Amino acid sequence: MLRRNFNESQYRLELDISPELQTVDAGYYKSLIGVLRWIVEMGRVDICCKVSMMSSFVAMPREGHQQQLYHLFAYLKKHHNARVVFDLTYPDIDYSKFEQQSWTKFYGEIAEELSPDMPETLGKEFIMQAFVDADHAGDMTTRRSRTGFLIYLNCALTYFMSKKQSTVETGSFRSEFMAMKQYCEYIRGLHYKSRMMGIPVTNPTFIAGDNKSVLWNTSTPDSILKKKSNSIAYHFVREGAARNERITGYANTAQNPADILTKALKLGENNKRKASSMLYDLYTS
């Protein structure tokens, strides 16, 4: 049995060549993954990325993978105090980072499409904000990138995702743009769902990321992207800005909590600070 620290930077799940687990142990590995998935669903955003990574090996788990699961459960045992607080207060957004532009030259006079059978809106509107990130070519075997994003309704964390991208992107710009596209597809559905529940949605969603090139291309009308394979996602994201569905702004990597959803970070102060910003009492005894 391998004995490595789960957070050791040299260890990579996809490069593990330890012996494959036999039938009984492999079944046990799958059951542990099922337990961890439920724990993530209950709000443990700090282990979401790691569980997603380990879930990809349920078809052929190895002894090393099982050892990492034990390390993860040890982490949960040590840091079992974690609360997701549904804070309904309105966020303090720096609107100077989210500059709105005129998109009429490129997309004409367009607006967000509304369903004709939408019910009457009731109550107060909330502010949607999100943090998006991607880990370029993080998988050492396939060189696929990983998308991570968080969605807040007012100050309440309501959704988070960590998922390997379905294509191989040759540059960090492209992997970050694919992450932005995945998020924008989700938020369009969230806008529709909210309205069909009678919740007023009139403000754009404020999206923060740490790739300045992506943010410039999604917020500046005069920017151009010619490569066809990426230009479809490019125009999908930009058209959403033209419809005033969403607006993008910059967040430094050190201040971007979505970073913990794209890579298995070591448990340093940076990771602890980002996790603690979403899970209260996480590191208290």
# chains A, B, ... in the order shown; residues from 1 in each chain; ligands from 1
call {"tool": "select_by_dssp", "arguments": {"residues": "stretch 84-178 of chain A", "states": "alpha helix (DSSP H)", "output": "ChimeraX atom specification"}}
result
/A:104-107,172-178
call {"tool": "closest_residue", "arguments": {"among": "A:Asp133, A:Asp92, A:Glu99, A:Glu185", "to": "A:Lys163", "atoms": "only C-alpha atoms"}}
result
A:Asp133
call {"tool": "residues_around", "arguments": {"residues": "A:Ser175", "least_positions_apart": "4", "cutoff": "12 Å", "atoms": "only C-alpha atoms", "output": "NGL selection string"}}
result
:A and (132-138 or 143-148 or 164-171 or 179-182 or 211 or 213-214 or 230 or 233-234 or 262)
call {"tool": "write_last_selection", "arguments": {"atoms": "N, CA and C atoms", "output": "short mmCIF file (atom, residue, chain, number, x, y, z; two decimals), in the first residue's frame"}}
result
data_model
loop_
_atom_site.label_atom_id
_atom_site.label_comp_id
_atom_site.auth_asym_id
_atom_site.auth_seq_id
_atom_site.Cartn_x
_atom_site.Cartn_y
_atom_site.Cartn_z
N VAL A 132 -15.26 32.51 -11.74
CA VAL A 132 -14.96 31.49 -12.74
C VAL A 132 -13.46 31.32 -12.86
N ASP A 133 -13.01 30.07 -13.06
CA ASP A 133 -11.58 29.81 -13.23
C ASP A 133 -11.41 28.51 -14.02
N ALA A 134 -10.21 28.33 -14.53
CA ALA A 134 -9.87 27.09 -15.24
C ALA A 134 -8.41 26.76 -14.99
N ASP A 135 -8.10 25.47 -14.94
CA ASP A 135 -6.73 24.99 -14.79
C ASP A 135 -6.29 24.45 -16.14
N HIS A 136 -5.44 25.19 -16.84
CA HIS A 136 -5.08 24.83 -18.21
C HIS A 136 -4.24 23.55 -18.26
N ALA A 137 -4.72 22.56 -19.04
CA ALA A 137 -4.00 21.31 -19.29
C ALA A 137 -3.57 20.64 -18.01
N GLY A 138 -4.43 20.67 -17.00
CA GLY A 138 -4.07 20.13 -15.70
C GLY A 138 -3.94 18.62 -15.66
N ARG A 143 -4.19 15.97 -20.97
CA ARG A 143 -3.96 17.40 -21.11
C ARG A 143 -5.25 18.20 -21.27
N ARG A 144 -6.32 17.68 -20.71
CA ARG A 144 -7.56 18.45 -20.67
C ARG A 144 -7.55 19.38 -19.46
N SER A 145 -8.24 20.48 -19.60
CA SER A 145 -8.31 21.47 -18.53
C SER A 145 -9.51 21.20 -17.65
N ARG A 146 -9.58 21.90 -16.54
CA ARG A 146 -10.69 21.73 -15.59
C ARG A 146 -11.36 23.07 -15.34
N THR A 147 -12.69 23.04 -15.40
CA THR A 147 -13.50 24.23 -15.15
C THR A 147 -13.98 24.24 -13.71
N GLY A 148 -13.97 25.41 -13.11
CA GLY A 148 -14.54 25.58 -11.78
C GLY A 148 -15.28 26.90 -11.69
N LYS A 164 -13.96 18.34 -15.50
CA LYS A 164 -12.96 18.31 -16.56
C LYS A 164 -13.61 18.71 -17.88
N GLN A 165 -12.92 19.52 -18.66
CA GLN A 165 -13.45 19.95 -19.94
C GLN A 165 -13.43 18.81 -20.95
N SER A 166 -14.35 18.85 -21.90
CA SER A 166 -14.50 17.74 -22.85
C SER A 166 -13.55 17.83 -24.03
N THR A 167 -12.83 18.94 -24.18
CA THR A 167 -11.90 19.11 -25.29
C THR A 167 -10.52 19.51 -24.76
N VAL A 168 -9.52 19.31 -25.59
CA VAL A 168 -8.15 19.72 -25.25
C VAL A 168 -7.92 21.10 -25.85
N GLU A 169 -7.61 22.06 -25.01
CA GLU A 169 -7.36 23.42 -25.47
C GLU A 169 -5.86 23.72 -25.44
N THR A 170 -5.35 24.32 -26.53
CA THR A 170 -3.91 24.51 -26.68
C THR A 170 -3.36 25.71 -25.93
N GLY A 171 -4.21 26.56 -25.41
CA GLY A 171 -3.74 27.73 -24.69
C GLY A 171 -4.61 28.00 -23.48
N ALA A 179 -14.35 27.67 -19.94
CA ALA A 179 -14.92 27.73 -18.60
C ALA A 179 -15.98 28.82 -18.52
N MET A 180 -15.69 29.96 -19.11
CA MET A 180 -16.65 31.06 -19.13
C MET A 180 -17.92 30.65 -19.88
N LYS A 181 -17.76 29.93 -20.98
CA LYS A 181 -18.92 29.47 -21.76
C LYS A 181 -19.78 28.51 -20.94
N GLN A 182 -19.13 27.55 -20.26
CA GLN A 182 -19.88 26.60 -19.44
C GLN A 182 -20.69 27.32 -18.37
N ASN A 211 -8.42 35.85 -15.72
CA ASN A 211 -7.72 35.90 -17.00
C ASN A 211 -8.10 37.18 -17.72
N SER A 213 -7.20 38.48 -20.54
CA SER A 213 -7.47 38.38 -21.97
C SER A 213 -8.91 37.96 -22.23
N VAL A 214 -9.38 36.98 -21.46
CA VAL A 214 -10.77 36.53 -21.60
C VAL A 214 -11.73 37.65 -21.23
N ASN A 230 -13.38 28.19 -31.53
CA ASN A 230 -13.61 28.95 -30.31
C ASN A 230 -14.52 30.14 -30.50
N ALA A 233 -18.21 29.81 -29.08
CA ALA A 233 -18.30 30.09 -27.64
C ALA A 233 -18.06 31.57 -27.37
N TYR A 234 -17.13 32.15 -28.13
CA TYR A 234 -16.78 33.56 -27.99
C TYR A 234 -18.01 34.45 -28.19
N THR A 262 -10.46 24.06 -9.37
CA THR A 262 -9.79 23.70 -10.61
C THR A 262 -8.55 22.85 -10.40
#
call {"tool": "closest_residue", "arguments": {"among": "A:Ser194, A:Ser55, A:Asn81, A:Gln101", "to": "A:Leu69", "atoms": "only C-alpha atoms"}}
result
A:Ser55
call {"tool": "atom_distance", "arguments": {"atom1": "atom CA of A:Val201", "atom2": "atom CA of A:Glu109"}}
result
19.6 Å
call {"tool": "closest_atom_pairs", "arguments": {"of": "stretch 63-145 of chain A", "to": "stretch 245-259 of chain A", "cutoff": "12 Å", "atoms": "only C-alpha atoms", "output": "JSON lines"}}
result
{"residue": "A:Ile93", "atom": "CA", "partner": "A:Gly249", "partner_atom": "CA", "distance": 10.6}
{"residue": "A:Asp94", "atom": "CA", "partner": "A:Gly249", "partner_atom": "CA", "distance": 9.4}
{"residue": "A:Tyr95", "atom": "CA", "partner": "A:Gly249", "partner_atom": "CA", "distance": 8.9}
{"residue": "A:Ser96", "atom": "CA", "partner": "A:Gly249", "partner_atom": "CA", "distance": 8.9}
{"residue": "A:Lys97", "atom": "CA", "partner": "A:Gly249", "partner_atom": "CA", "distance": 5.2}
{"residue": "A:Phe98", "atom": "CA", "partner": "A:Gly249", "partner_atom": "CA", "distance": 5.0}
{"residue": "A:Glu99", "atom": "CA", "partner": "A:Ile247", "partner_atom": "CA", "distance": 7.7}
{"residue": "A:Gln100", "atom": "CA", "partner": "A:Ile247", "partner_atom": "CA", "distance": 7.1}
{"residue": "A:Gln101", "atom": "CA", "partner": "A:Ile247", "partner_atom": "CA", "distance": 9.5}
{"residue": "A:Ile110", "atom": "CA", "partner": "A:Glu245", "partner_atom": "CA", "distance": 10.9}
{"residue": "A:Ala111", "atom": "CA", "partner": "A:Glu245", "partner_atom": "CA", "distance": 8.3}
{"residue": "A:Glu112", "atom": "CA", "partner": "A:Glu245", "partner_atom": "CA", "distance": 6.3}
{"residue": "A:Glu113", "atom": "CA", "partner": "A:Glu245", "partner_atom": "CA", "distance": 9.6}
{"residue": "A:Leu114", "atom": "CA", "partner": "A:Glu245", "partner_atom": "CA", "distance": 11.4}
{"residue": "A:Ile127", "atom": "CA", "partner": "A:Arg246", "partner_atom": "CA", "distance": 11.2}
{"residue": "A:Met128", "atom": "CA", "partner": "A:Arg246", "partner_atom": "CA", "distance": 9.2}
{"residue": "A:Gln129", "atom": "CA", "partner": "A:Arg246", "partner_atom": "CA", "distance": 9.1}
{"residue": "A:Ala130", "atom": "CA", "partner": "A:Ala258", "partner_atom": "CA", "distance": 8.8}
{"residue": "A:Phe131", "atom": "CA", "partner": "A:Ala258", "partner_atom": "CA", "distance": 5.7}
{"residue": "A:Val132", "atom": "CA", "partner": "A:Ala258", "partner_atom": "CA", "distance": 5.7}
{"residue": "A:Asp133", "atom": "CA", "partner": "A:Ala258", "partner_atom": "CA", "distance": 5.7}
{"residue": "A:Ala134", "atom": "CA", "partner": "A:Asp259", "partner_atom": "CA", "distance": 7.5}
{"residue": "A:Asp135", "atom": "CA", "partner": "A:Asp259", "partner_atom": "CA", "distance": 8.2}
{"residue": "A:His136", "atom": "CA", "partner": "A:Asp259", "partner_atom": "CA", "distance": 11.8}
call {"tool": "atom_distance", "arguments": {"atom1": "atom CA of A:Phe86", "atom2": "atom CA of A:Asn154"}}
result
9.0 Å
call {"tool": "atom_distance", "arguments": {"atom1": "atom CA of A:Val24", "atom2": "atom CA of A:Cys49"}}
result
25.9 Å
call {"tool": "residues_around", "arguments": {"residues": "A:Asp117", "least_positions_apart": "6", "cutoff": "12 Å", "atoms": "only C-alpha atoms", "output": "list of chain:residue names"}}
result
A:Tyr192, A:Arg195, A:Met196, A:Met197, A:Gly198
call {"tool": "write_last_selection", "arguments": {"atoms": "N, CA and C atoms", "output": "PDB file, in the first residue's frame"}}
result
ATOM      1  N   TYR A 192     -33.815  31.800 -16.254  1.00  0.00           N
ATOM      2  CA  TYR A 192     -35.143  31.311 -16.653  1.00  0.00           C
ATOM      3  C   TYR A 192     -35.863  30.663 -15.473  1.00  0.00           C
ATOM      4  N   ARG A 195     -37.129  33.288 -12.929  1.00  0.00           N
ATOM      5  CA  ARG A 195     -38.312  34.016 -13.402  1.00  0.00           C
ATOM      6  C   ARG A 195     -39.566  33.147 -13.367  1.00  0.00           C
ATOM      7  N   MET A 196     -39.412  31.862 -13.692  1.00  0.00           N
ATOM      8  CA  MET A 196     -40.571  30.971 -13.682  1.00  0.00           C
ATOM      9  C   MET A 196     -41.029  30.670 -12.254  1.00  0.00           C
ATOM     10  N   MET A 197     -40.221  30.995 -11.264  1.00  0.00           N
ATOM     11  CA  MET A 197     -40.621  30.864  -9.859  1.00  0.00           C
ATOM     12  C   MET A 197     -41.147  32.180  -9.307  1.00  0.00           C
ATOM     13  N   GLY A 198     -41.242  33.187 -10.167  1.00  0.00           N
ATOM     14  CA  GLY A 198     -41.790  34.465  -9.753  1.00  0.00           C
ATOM     15  C   GLY A 198     -40.774  35.414  -9.151  1.00  0.00           C
TER      16      GLY A 198
END
call {"tool": "closest_residue", "arguments": {"among": "A:Ala208, A:Val51, A:Ile199, A:Val237", "to": "A:Tyr152", "atoms": "only C-alpha atoms"}}
result
A:Ala208
call {"tool": "closest_residue", "arguments": {"among": "A:Ala59, A:Ser52, A:Leu36, A:Ile17", "to": "A:Leu76", "atoms": "only C-alpha atoms"}}
result
A:Leu36
call {"tool": "closest_residue", "arguments": {"among": "A:Met54, A:Ile47, A:Ile232, A:Leu157", "to": "A:Val84", "atoms": "only C-alpha atoms"}}
result
A:Leu157
call {"tool": "closest_residue", "arguments": {"among": "A:Val85, A:Ile33, A:Leu190, A:Leu122", "to": "A:Ile151", "atoms": "only C-alpha atoms"}}
result
A:Leu190
call {"tool": "decode", "arguments": {"residues": "stretch 187-220 of chain A", "atoms": "N, CA and C atoms", "output": "mmCIF file, in the first residue's frame"}}
result
data_model
loop_
_atom_site.group_PDB
_atom_site.id
_atom_site.type_symbol
_atom_site.label_atom_id
_atom_site.label_comp_id
_atom_site.auth_asym_id
_atom_site.auth_seq_id
_atom_site.Cartn_x
_atom_site.Cartn_y
_atom_site.Cartn_z
ATOM 1 N N ILE A 187 -25.919 29.892 -16.247
ATOM 2 C CA ILE A 187 -26.592 31.069 -15.702
ATOM 3 C C ILE A 187 -27.808 31.439 -16.530
ATOM 4 N N ARG A 188 -27.783 31.144 -17.835
ATOM 5 C CA ARG A 188 -28.967 31.418 -18.652
ATOM 6 C C ARG A 188 -30.145 30.575 -18.162
ATOM 7 N N GLY A 189 -29.884 29.318 -17.826
ATOM 8 C CA GLY A 189 -30.934 28.473 -17.277
ATOM 9 C C GLY A 189 -31.391 28.933 -15.911
ATOM 10 N N LEU A 190 -30.458 29.449 -15.103
ATOM 11 C CA LEU A 190 -30.813 29.942 -13.771
ATOM 12 C C LEU A 190 -31.688 31.186 -13.861
ATOM 13 N N HIS A 191 -31.411 32.055 -14.807
ATOM 14 C CA HIS A 191 -32.275 33.214 -15.022
ATOM 15 C C HIS A 191 -33.703 32.768 -15.347
ATOM 16 N N TYR A 192 -33.815 31.800 -16.254
ATOM 17 C CA TYR A 192 -35.143 31.311 -16.653
ATOM 18 C C TYR A 192 -35.863 30.663 -15.473
ATOM 19 N N LYS A 193 -35.151 29.818 -14.738
ATOM 20 C CA LYS A 193 -35.760 29.131 -13.593
ATOM 21 C C LYS A 193 -36.250 30.132 -12.546
ATOM 22 N N SER A 194 -35.421 31.147 -12.276
ATOM 23 C CA SER A 194 -35.794 32.150 -11.274
ATOM 24 C C SER A 194 -37.062 32.887 -11.678
ATOM 25 N N ARG A 195 -37.129 33.288 -12.929
ATOM 26 C CA ARG A 195 -38.312 34.016 -13.402
ATOM 27 C C ARG A 195 -39.566 33.147 -13.367
ATOM 28 N N MET A 196 -39.412 31.862 -13.692
ATOM 29 C CA MET A 196 -40.571 30.971 -13.682
ATOM 30 C C MET A 196 -41.029 30.670 -12.254
ATOM 31 N N MET A 197 -40.221 30.995 -11.264
ATOM 32 C CA MET A 197 -40.621 30.864 -9.859
ATOM 33 C C MET A 197 -41.147 32.180 -9.307
ATOM 34 N N GLY A 198 -41.242 33.187 -10.167
ATOM 35 C CA GLY A 198 -41.790 34.465 -9.753
ATOM 36 C C GLY A 198 -40.774 35.414 -9.151
ATOM 37 N N ILE A 199 -39.492 35.108 -9.313
ATOM 38 C CA ILE A 199 -38.442 35.965 -8.767
ATOM 39 C C ILE A 199 -38.043 36.996 -9.820
ATOM 40 N N PRO A 200 -38.071 38.269 -9.501
ATOM 41 C CA PRO A 200 -37.675 39.279 -10.492
ATOM 42 C C PRO A 200 -36.179 39.224 -10.790
ATOM 43 N N VAL A 201 -35.818 39.238 -12.074
ATOM 44 C CA VAL A 201 -34.428 39.254 -12.499
ATOM 45 C C VAL A 201 -34.289 40.364 -13.538
ATOM 46 N N THR A 202 -33.782 41.501 -13.127
ATOM 47 C CA THR A 202 -33.613 42.622 -14.043
ATOM 48 C C THR A 202 -32.157 43.053 -14.173
ATOM 49 N N ASN A 203 -31.335 42.708 -13.204
ATOM 50 C CA ASN A 203 -29.919 43.077 -13.251
ATOM 51 C C ASN A 203 -29.092 41.982 -13.921
ATOM 52 N N PRO A 204 -27.962 42.334 -14.528
ATOM 53 C CA PRO A 204 -27.076 41.305 -15.078
ATOM 54 C C PRO A 204 -26.373 40.546 -13.970
ATOM 55 N N THR A 205 -25.852 39.375 -14.293
ATOM 56 C CA THR A 205 -25.021 38.623 -13.365
ATOM 57 C C THR A 205 -23.593 39.156 -13.449
ATOM 58 N N PHE A 206 -22.970 39.362 -12.308
ATOM 59 C CA PHE A 206 -21.613 39.903 -12.262
ATOM 60 C C PHE A 206 -20.628 38.741 -12.160
ATOM 61 N N ILE A 207 -19.820 38.559 -13.205
ATOM 62 C CA ILE A 207 -18.897 37.432 -13.290
ATOM 63 C C ILE A 207 -17.472 37.930 -13.096
ATOM 64 N N ALA A 208 -16.754 37.352 -12.134
ATOM 65 C CA ALA A 208 -15.365 37.725 -11.882
ATOM 66 C C ALA A 208 -14.447 36.573 -12.262
ATOM 67 N N GLY A 209 -13.383 36.887 -12.981
ATOM 68 C CA GLY A 209 -12.384 35.898 -13.364
ATOM 69 C C GLY A 209 -11.001 36.492 -13.262
ATOM 70 N N ASP A 210 -9.957 35.655 -13.446
ATOM 71 C CA ASP A 210 -8.592 36.148 -13.283
ATOM 72 C C ASP A 210 -7.778 36.131 -14.568
ATOM 73 N N ASN A 211 -8.423 35.855 -15.721
ATOM 74 C CA ASN A 211 -7.721 35.895 -16.995
ATOM 75 C C ASN A 211 -8.103 37.181 -17.717
ATOM 76 N N LYS A 212 -7.186 38.126 -17.765
ATOM 77 C CA LYS A 212 -7.497 39.444 -18.310
ATOM 78 C C LYS A 212 -7.813 39.396 -19.800
ATOM 79 N N SER A 213 -7.198 38.483 -20.537
ATOM 80 C CA SER A 213 -7.474 38.377 -21.974
ATOM 81 C C SER A 213 -8.913 37.961 -22.226
ATOM 82 N N VAL A 214 -9.385 36.975 -21.464
ATOM 83 C CA VAL A 214 -10.772 36.532 -21.600
ATOM 84 C C VAL A 214 -11.730 37.652 -21.230
ATOM 85 N N LEU A 215 -11.441 38.338 -20.137
ATOM 86 C CA LEU A 215 -12.316 39.412 -19.693
ATOM 87 C C LEU A 215 -12.345 40.548 -20.703
ATOM 88 N N TRP A 216 -11.202 40.853 -21.306
ATOM 89 C CA TRP A 216 -11.167 41.902 -22.309
ATOM 90 C C TRP A 216 -11.993 41.520 -23.530
ATOM 91 N N ASN A 217 -11.894 40.268 -23.959
ATOM 92 C CA ASN A 217 -12.644 39.821 -25.134
ATOM 93 C C ASN A 217 -14.137 39.697 -24.876
ATOM 94 N N THR A 218 -14.534 39.504 -23.620
ATOM 95 C CA THR A 218 -15.962 39.365 -23.320
ATOM 96 C C THR A 218 -16.608 40.689 -22.929
ATOM 97 N N SER A 219 -15.806 41.719 -22.714
ATOM 98 C CA SER A 219 -16.370 43.000 -22.289
ATOM 99 C C SER A 219 -16.062 44.155 -23.231
ATOM 100 N N THR A 220 -15.231 43.909 -24.248
ATOM 101 C CA THR A 220 -14.858 44.965 -25.184
ATOM 102 C C THR A 220 -15.416 44.639 -26.565
#
